[in-house]
$ cat target31.txt   # compact mmCIF, C-alpha atoms
# COMPACT_ATOMS: atom_id res chain seq x y z
CA MET A 1 -15.98 5.91 -11.85
CA LEU A 2 -16.83 9.62 -12.01
CA LEU A 3 -14.47 10.44 -9.17
CA GLY A 4 -11.73 8.33 -10.75
CA LEU A 5 -12.08 10.20 -14.03
CA TRP A 6 -11.89 13.52 -12.18
CA LEU A 7 -8.81 12.49 -10.18
CA ASP A 8 -7.09 11.23 -13.33
CA GLN A 9 -7.08 14.73 -14.81
CA PRO A 10 -4.21 17.23 -14.46
CA MET A 11 -4.35 19.56 -11.48
CA TRP A 12 -5.47 22.60 -13.48
CA LEU A 13 -8.31 20.62 -15.08
CA MET A 14 -9.44 19.18 -11.73
CA VAL A 15 -9.74 22.70 -10.32
CA GLY A 16 -11.40 23.96 -13.50
CA LEU A 17 -14.07 21.24 -13.48
CA ILE A 18 -15.05 21.81 -9.86
CA ILE A 19 -15.14 25.58 -10.45
CA LEU A 20 -17.36 24.97 -13.48
CA PHE A 21 -19.79 22.98 -11.34
CA PHE A 22 -20.19 25.81 -8.81
CA VAL A 23 -20.38 28.46 -11.55
CA ILE A 24 -23.21 26.57 -13.30
CA VAL A 25 -25.27 26.06 -10.14
CA SER A 26 -24.70 29.64 -8.96
CA GLY A 27 -25.45 31.02 -12.43
CA ILE A 28 -28.75 29.17 -12.57
CA MET A 29 -29.80 30.57 -9.19
CA ILE A 30 -28.79 34.12 -10.17
CA ALA A 31 -30.62 33.82 -13.49
CA ILE A 32 -33.82 32.54 -11.85
CA THR A 33 -33.87 35.43 -9.40
CA ALA A 34 -32.89 38.11 -11.94
CA LEU A 35 -34.74 37.32 -15.18
CA PRO A 36 -38.04 39.20 -15.55
CA PHE A 37 -40.11 36.15 -16.52
CA THR A 38 -38.89 33.98 -13.62
CA ARG A 39 -38.43 36.51 -10.82
CA PRO A 40 -42.14 37.03 -9.94
CA THR A 41 -42.73 33.28 -9.66
CA PHE A 42 -39.57 32.86 -7.62
CA LEU A 43 -40.56 35.59 -5.15
CA ARG A 44 -43.98 34.02 -4.66
CA VAL A 45 -42.45 30.60 -4.01
CA VAL A 46 -39.90 31.82 -1.45
CA ASP A 47 -42.28 34.19 0.31
CA GLY A 48 -42.01 33.54 4.04
CA VAL A 49 -38.79 31.52 3.83
CA VAL A 50 -36.23 32.42 6.52
CA PRO A 51 -32.52 31.45 6.65
CA ALA A 52 -33.04 29.20 9.70
CA PHE A 53 -34.95 26.74 7.51
CA PHE A 54 -31.75 25.88 5.61
CA SER A 55 -29.37 25.46 8.55
CA SER A 56 -29.84 21.67 8.52
CA ILE A 57 -28.47 21.48 4.96
CA SER A 58 -25.29 23.37 5.87
CA ILE A 59 -24.84 21.22 8.97
CA LEU A 60 -25.13 18.03 6.91
CA LEU A 61 -22.67 19.44 4.38
CA ALA A 62 -20.18 20.31 7.12
CA LEU A 63 -20.44 16.86 8.72
CA LEU A 64 -20.03 15.02 5.44
CA THR A 65 -17.12 17.24 4.39
CA GLY A 66 -15.38 16.45 7.66
CA PHE A 67 -16.03 12.73 7.18
CA VAL A 68 -14.66 12.70 3.62
CA ALA A 69 -11.63 14.80 4.60
CA ASN A 70 -10.84 12.56 7.58
CA ASP A 71 -11.06 9.47 5.37
CA ALA A 72 -8.68 10.98 2.79
CA TRP A 73 -6.16 12.17 5.40
CA GLU A 74 -6.29 8.82 7.20
CA ARG A 75 -5.41 6.96 3.99
CA GLN A 76 -2.53 9.33 3.39
CA LYS A 77 -1.33 8.76 6.94
CA GLN A 78 -1.62 4.99 6.60
CA GLY A 79 0.35 5.10 3.35
CA ALA A 80 3.21 7.02 4.95
CA HIS A 81 3.19 4.67 7.95
CA VAL A 82 3.33 1.55 5.76
CA VAL A 83 6.27 2.90 3.74
CA GLU A 84 8.20 3.70 6.93
CA LYS A 85 7.35 0.23 8.24
CA GLU A 86 8.73 -1.32 5.07
CA ARG A 87 11.92 0.76 5.34
CA ALA A 88 12.41 -0.20 8.99
CA ASN A 89 12.09 -3.90 8.22
CA LEU A 90 14.49 -3.68 5.30
CA ILE A 91 17.11 -2.08 7.55
CA ALA A 92 16.37 -4.60 10.33
CA ALA A 93 16.84 -7.57 8.01
CA PHE A 94 20.02 -6.04 6.59
CA ASP A 95 21.45 -5.40 10.07
CA LEU A 96 20.61 -8.93 11.21
CA SER A 97 22.40 -10.39 8.19
CA ILE A 98 25.50 -8.41 9.13
CA GLU A 99 25.54 -9.33 12.82
CA THR A 100 25.22 -13.09 12.33
CA ALA A 101 28.35 -15.22 12.36
CA SER A 102 27.66 -16.89 8.99
CA ASN A 103 28.18 -15.28 5.60
CA MET A 104 24.85 -13.78 4.50
CA ALA A 105 26.00 -11.76 1.51
CA GLY A 106 23.32 -13.46 -0.61
CA ILE A 107 20.57 -12.24 1.72
CA ARG A 108 21.93 -8.69 1.66
CA GLN A 109 22.05 -8.74 -2.13
CA ALA A 110 18.47 -10.06 -2.27
CA LEU A 111 17.33 -7.24 0.03
CA LEU A 112 19.08 -4.67 -2.16
CA THR A 113 17.59 -6.16 -5.33
CA TYR A 114 14.08 -6.06 -3.87
CA THR A 115 14.52 -2.45 -2.74
CA GLU A 116 15.74 -1.38 -6.18
CA ARG A 117 12.86 -3.16 -7.93
CA VAL A 118 10.32 -1.42 -5.70
CA ILE A 119 11.85 2.03 -6.20
CA ASP A 120 12.61 1.78 -9.92
CA ASP A 121 9.63 -0.24 -11.13
CA GLU A 122 6.83 -0.80 -8.64
CA TRP A 123 6.45 2.81 -7.48
CA ALA A 124 5.63 4.06 -10.98
CA LYS A 125 3.13 1.23 -11.50
CA MET A 126 1.39 1.99 -8.20
CA ALA A 127 0.69 5.53 -9.42
CA ASN A 128 -0.74 4.04 -12.61
CA GLY A 129 -3.81 2.28 -11.27
CA GLY A 130 -2.28 0.75 -8.16
CA GLN A 131 -0.54 -2.07 -10.03
CA SER A 132 2.18 -4.22 -8.54
CA SER A 133 5.53 -5.05 -10.13
CA GLU A 134 6.26 -8.60 -11.20
CA SER A 135 9.99 -8.00 -10.82
CA ALA A 136 9.54 -6.71 -7.25
CA GLY A 137 7.36 -9.70 -6.43
CA ALA A 138 9.93 -12.06 -7.89
CA ALA A 139 12.70 -10.37 -5.90
CA LEU A 140 10.72 -10.74 -2.68
CA SER A 141 10.00 -14.39 -3.48
CA GLY A 142 13.71 -14.94 -4.06
CA LEU A 143 14.49 -13.38 -0.69
CA MET A 144 11.90 -15.58 1.05
CA ARG A 145 13.30 -18.66 -0.70
CA ILE A 146 16.80 -17.92 0.60
CA LEU A 147 15.55 -17.27 4.12
CA ALA A 148 13.43 -20.43 4.14
CA ASP A 149 16.49 -22.61 3.60
CA PRO A 150 16.78 -24.94 6.67
CA ALA A 151 20.57 -24.81 6.36
CA LEU A 152 20.46 -21.25 7.77
CA THR A 153 19.45 -22.62 11.15
CA SER A 154 22.65 -24.60 11.49
CA GLU A 155 24.82 -21.84 10.01
CA ALA A 156 23.44 -18.76 11.79
CA GLY A 157 21.61 -20.33 14.72
CA ALA A 158 17.94 -20.84 15.37
CA VAL A 159 17.46 -17.47 17.07
CA ALA A 160 18.95 -15.45 14.21
CA HIS A 161 17.13 -17.50 11.59
CA THR A 162 13.81 -17.04 13.36
CA ALA A 163 14.40 -13.29 13.72
CA LEU A 164 15.21 -12.99 10.00
CA MET A 165 12.07 -14.92 9.03
CA THR A 166 9.93 -12.75 11.32
CA VAL A 167 11.31 -9.53 9.84
CA ALA A 168 10.89 -10.87 6.29
CA MET A 169 7.25 -11.79 6.90
CA THR A 170 6.61 -8.34 8.37
CA LEU A 171 8.26 -6.84 5.29
CA ARG A 172 5.97 -8.89 3.07
CA ASP A 173 2.90 -7.77 5.03
CA ALA A 174 3.98 -4.12 4.70
CA ARG A 175 4.28 -4.47 0.94
CA GLY A 176 0.82 -6.03 0.81
CA GLU A 177 -0.65 -3.15 2.80
CA ARG A 178 1.05 -0.62 0.52
CA LEU A 179 -0.28 -2.29 -2.61
CA ALA A 180 -3.75 -2.57 -1.11
CA LEU A 181 -3.82 1.14 -0.34
CA SER A 182 -2.64 2.07 -3.82
CA ALA A 183 -5.16 -0.25 -5.49
CA SER A 184 -8.18 0.74 -3.39
CA LYS A 185 -10.95 2.36 -5.43
CA GLU A 186 -12.56 5.69 -4.63
CA ASP A 187 -16.06 5.74 -3.19
CA ASP A 188 -18.19 7.71 -5.66
CA SER A 189 -21.25 7.71 -3.40
CA LYS A 190 -19.74 9.93 -0.70
CA TRP A 191 -18.45 12.45 -3.27
CA LEU A 192 -21.75 12.55 -5.19
CA THR A 193 -23.58 13.12 -1.91
CA LEU A 194 -21.11 15.85 -1.01
CA LEU A 195 -21.63 17.63 -4.34
CA PHE A 196 -25.40 17.25 -4.02
CA LEU A 197 -25.40 18.86 -0.57
CA ALA A 198 -23.11 21.63 -1.86
CA ALA A 199 -25.55 22.31 -4.71
CA LEU A 200 -28.47 22.40 -2.24
CA THR A 201 -26.54 24.85 -0.08
CA LEU A 202 -26.01 27.09 -3.11
CA VAL A 203 -29.74 26.92 -3.85
CA SER A 204 -30.60 27.83 -0.27
CA ILE A 205 -28.18 30.80 -0.34
CA GLY A 206 -29.68 31.98 -3.61
CA MET A 207 -33.21 31.70 -2.22
CA VAL A 208 -32.48 33.55 1.01
CA HIS A 209 -30.77 36.44 -0.82
CA GLY A 210 -33.04 36.41 -3.86
CA ASP A 211 -34.29 39.95 -3.32
CA LYS A 212 -30.78 41.44 -3.00
CA HIS A 213 -28.63 40.65 -6.05
CA ARG A 214 -25.33 42.05 -4.75
CA ALA A 215 -25.57 40.15 -1.49
CA GLN A 216 -26.63 37.04 -3.39
CA VAL A 217 -23.67 37.15 -5.77
CA LEU A 218 -21.22 37.88 -2.95
CA THR A 219 -22.41 35.06 -0.70
CA LEU A 220 -22.54 32.58 -3.57
CA PHE A 221 -19.01 33.54 -4.57
CA LEU A 222 -17.58 33.25 -1.04
CA PHE A 223 -19.23 29.90 -0.39
CA SER A 224 -18.17 28.53 -3.79
CA ALA A 225 -14.57 29.67 -3.30
CA ALA A 226 -14.41 28.02 0.12
CA MET A 227 -15.87 24.75 -1.18
CA VAL A 228 -13.63 24.67 -4.27
CA VAL A 229 -10.49 25.00 -2.15
CA THR A 230 -11.72 22.45 0.39
CA LEU A 231 -12.77 19.84 -2.18
CA CYS A 232 -9.55 20.20 -4.18
CA VAL A 233 -7.38 19.77 -1.08
CA ILE A 234 -9.36 16.69 -0.04
CA ALA A 235 -9.11 15.24 -3.55
CA LEU A 236 -5.33 15.64 -3.54
CA HIS A 237 -5.16 13.33 -0.51
CA GLU A 238 -7.66 10.79 -1.87
CA ARG A 239 -4.92 8.73 -3.53
CA PRO A 240 -1.88 8.25 -1.26
CA PHE A 241 0.48 7.14 -4.04
CA ASP A 242 -0.75 9.26 -6.93
CA GLY A 243 -1.12 12.95 -7.71
CA PRO A 244 0.81 16.08 -6.70
CA LEU A 245 0.88 15.12 -3.00
CA ALA A 246 1.69 11.45 -3.59
CA ILE A 247 3.94 9.64 -1.12
CA GLY A 248 7.32 9.11 -2.74
CA PRO A 249 9.88 6.31 -2.27
CA GLY A 250 12.18 8.56 -0.24
CA ALA A 251 12.11 6.27 2.80
CA LEU A 252 13.10 3.24 0.72
CA GLU A 253 15.78 5.26 -1.04
CA ARG A 254 17.35 5.95 2.35
CA ALA A 255 17.34 2.21 3.03
CA ARG A 256 19.01 1.59 -0.33
CA GLN A 257 21.69 4.16 0.47
CA VAL A 258 22.46 2.35 3.74
CA MET A 259 22.86 -0.96 1.88
CA LEU A 260 25.01 0.55 -0.85
CA ALA A 261 27.17 2.36 1.72
CA HIS A 262 27.81 -0.93 3.51
CA GLN A 263 28.74 -2.65 0.27
CA ALA A 264 31.06 0.22 -0.64
CA GLY A 265 32.65 0.00 2.81
CA GLN A 266 33.27 -3.72 2.38
CA ILE A 267 34.88 -3.18 -1.00
CA GLY A 268 37.01 -0.37 0.42
CA GLY A 269 38.03 -2.56 3.34
CA LEU A 270 39.26 -5.27 0.97
CA ALA A 271 41.41 -2.83 -1.05
CA PRO A 272 45.19 -3.12 -0.45
CA ALA A 273 46.63 -0.45 1.83
CA PRO A 274 49.45 1.80 0.48
CA LEU A 275 52.95 1.70 1.94
CA PRO A 276 53.93 4.77 3.98
CA GLY A 277 56.12 6.94 1.76
CA SER A 278 55.57 4.71 -1.27
CA GLY A 279 53.73 7.36 -3.29
CA GLY A 280 50.33 5.79 -2.72
CA GLN A 281 51.31 2.38 -4.21
CA PRO A 282 49.41 -0.48 -2.54
CA VAL A 283 51.10 -3.20 -0.60
CA PRO A 284 50.52 -6.67 -2.14
CA ARG A 285 48.61 -9.09 0.12
$ encode --input "target31.txt" --output "structure tokens"
Amino acid sequence: MLLGLWLDQPMWLMVGLIILFFVIVSGIMIAITALPFTRPTFLRVVDGVVPAFFSSISILLALLTGFVANDAWERQKQGAHVVEKERANLIAAFDLSIETASNMAGIRQALLTYTERVIDDEWAKMANGGQSSESAGAALSGLMRILADPALTSEAGAVAHTALMTVAMTLRDARGERLALSASKEDDSKWLTLLFLAALTLVSIGMVHGDKHRAQVLTLFLFSAAMVVTLCVIALHERPFDGPLAIGPGALERARQVMLAHQAGQIGGLAPAPLPGSGGQPVPR
């Protein structure tokens, strides 16, 4: 829930909140080591502490950061792969409908309708909580209903009908994977653990450099800046279909352009040809 609220904020507010977290923790450590009524107690507590004692915390932080980053990048990669898979199956089904001997204009129109519903309706809903589109689902159901007609076997042949059904089922699976990725919830536990280890690392830096204020401020600033950039970049990849780095419907738009270009070519091919030297007037057919 906490991570979801953070990721729902605008980019500038996301960065501001994570900066505020590091500023508060660093400010507390600087205040404890600088104020006259806390400094003597602090120096007595950290007497004998050496930097090597805190290396395990930084190692754990590095390992967990790598794990969280890999998980976010992998989801982004899976999202892009699923969208390309959906595009490839749309084009494959469209090409199969063209190459068969029977007239499959209805199937091509159903493919185009589904593609348009996904691009125009479902993509925006995925970014808004990972919701699916009822119109896109209805369009896909209509396509499956047409393809499931037994009459296609006698019209197009068993091989072509089976190939179309296989491609359509793969297309349906790709849509399901895409919706599952967009609807998956963030894991708050890994991010809370990551922030806890980052806070402990700030505390350890402040303790080690407690007797040298300039070095303490500089090291706290450098570590905080590095962590802020790292956490913000990871967070931008946490949701594959939402945020500034969200995967767009560009691949499906290319598939729609192919379908529309074919339809336009068919319409152009049916237009009457002009007579040579007739001033561009068509010849009646």
$ closest_residue --input "target31.txt" --among "A:Ala139, A:Leu7, A:Ile30, A:Ala261" --to "Gln216 (chain A)" --atoms "only C-alpha atoms"
A:Ile30
$ closest_residue --input "target31.txt" --among "A:Asp211, A:Trp12, A:Gly130, A:Phe54" --to "Pro40 (chain A)" --atoms "only C-alpha atoms"
A:Asp211
$ atom_distance --input "target31.txt" --atom1 "CA of Ala69 (chain A)" --atom2 "CA of Arg239 (chain A)"
12.2 Å
$ residues_around --input "target31.txt" --residues "Glu74 (chain A)" --least-positions-apart "3" --cutoff "12 Å" --atoms "all atoms listed in the file" --output "count of residues only"
17
$ closest_residue --input "target31.txt" --among "A:Thr65, A:Ser182, A:Asn89, A:Thr153" --to "Met227 (chain A)" --atoms "all atoms listed in the file"
A:Thr65
$ residues_around --input "target31.txt" --residues "Glu116 (chain A)" --least-positions-apart "4" --cutoff "12 Å" --atoms "only C-alpha atoms" --output "list in words"
Leu90, Gln109, Ala110, Leu111, Leu112, Asp120, Asp121, Glu122, Trp123, Ser133, Ser135, Ala136, Gly137, Ala139, Leu140, Pro249, Leu252, Glu253, Arg254, Ala255, Arg256, Gln257, Met259 and Leu260 of chain A
$ closest_residue --input "target31.txt" --among "A:Arg39, A:His262, A:Lys85, A:Lys212" --to "Val167 (chain A)" --atoms "all atoms listed in the file"
A:Lys85
$ atom_distance --input "target31.txt" --atom1 "CA of Met207 (chain A)" --atom2 "CA of Ile24 (chain A)"
15.8 Å
$ residues_around --input "target31.txt" --residues "Ile107 (chain A)" --least-positions-apart "5" --cutoff "12 Å" --atoms "only C-alpha atoms" --output "list in words"
Leu90, Ala93, Phe94, Asp95, Leu96, Ser97, Ile98, Thr100, Ser102, Leu112, Thr113, Tyr114, Ala139, Leu140, Ser141, Gly142, Leu143, Met144, Arg145, Ile146, Leu147, Ala148, Asp149, Leu152, His161, Leu164, Met165, Ala168 and Met259 of chain A
$ residues_around --input "target31.txt" --residues "Ala31 (chain A)" --least-positions-apart "4" --cutoff "12 Å" --atoms "all atoms listed in the file" --output "PyMOL selection string"
chain A and resi 23-27+35-39+42+203+206-207+210+213+216-217
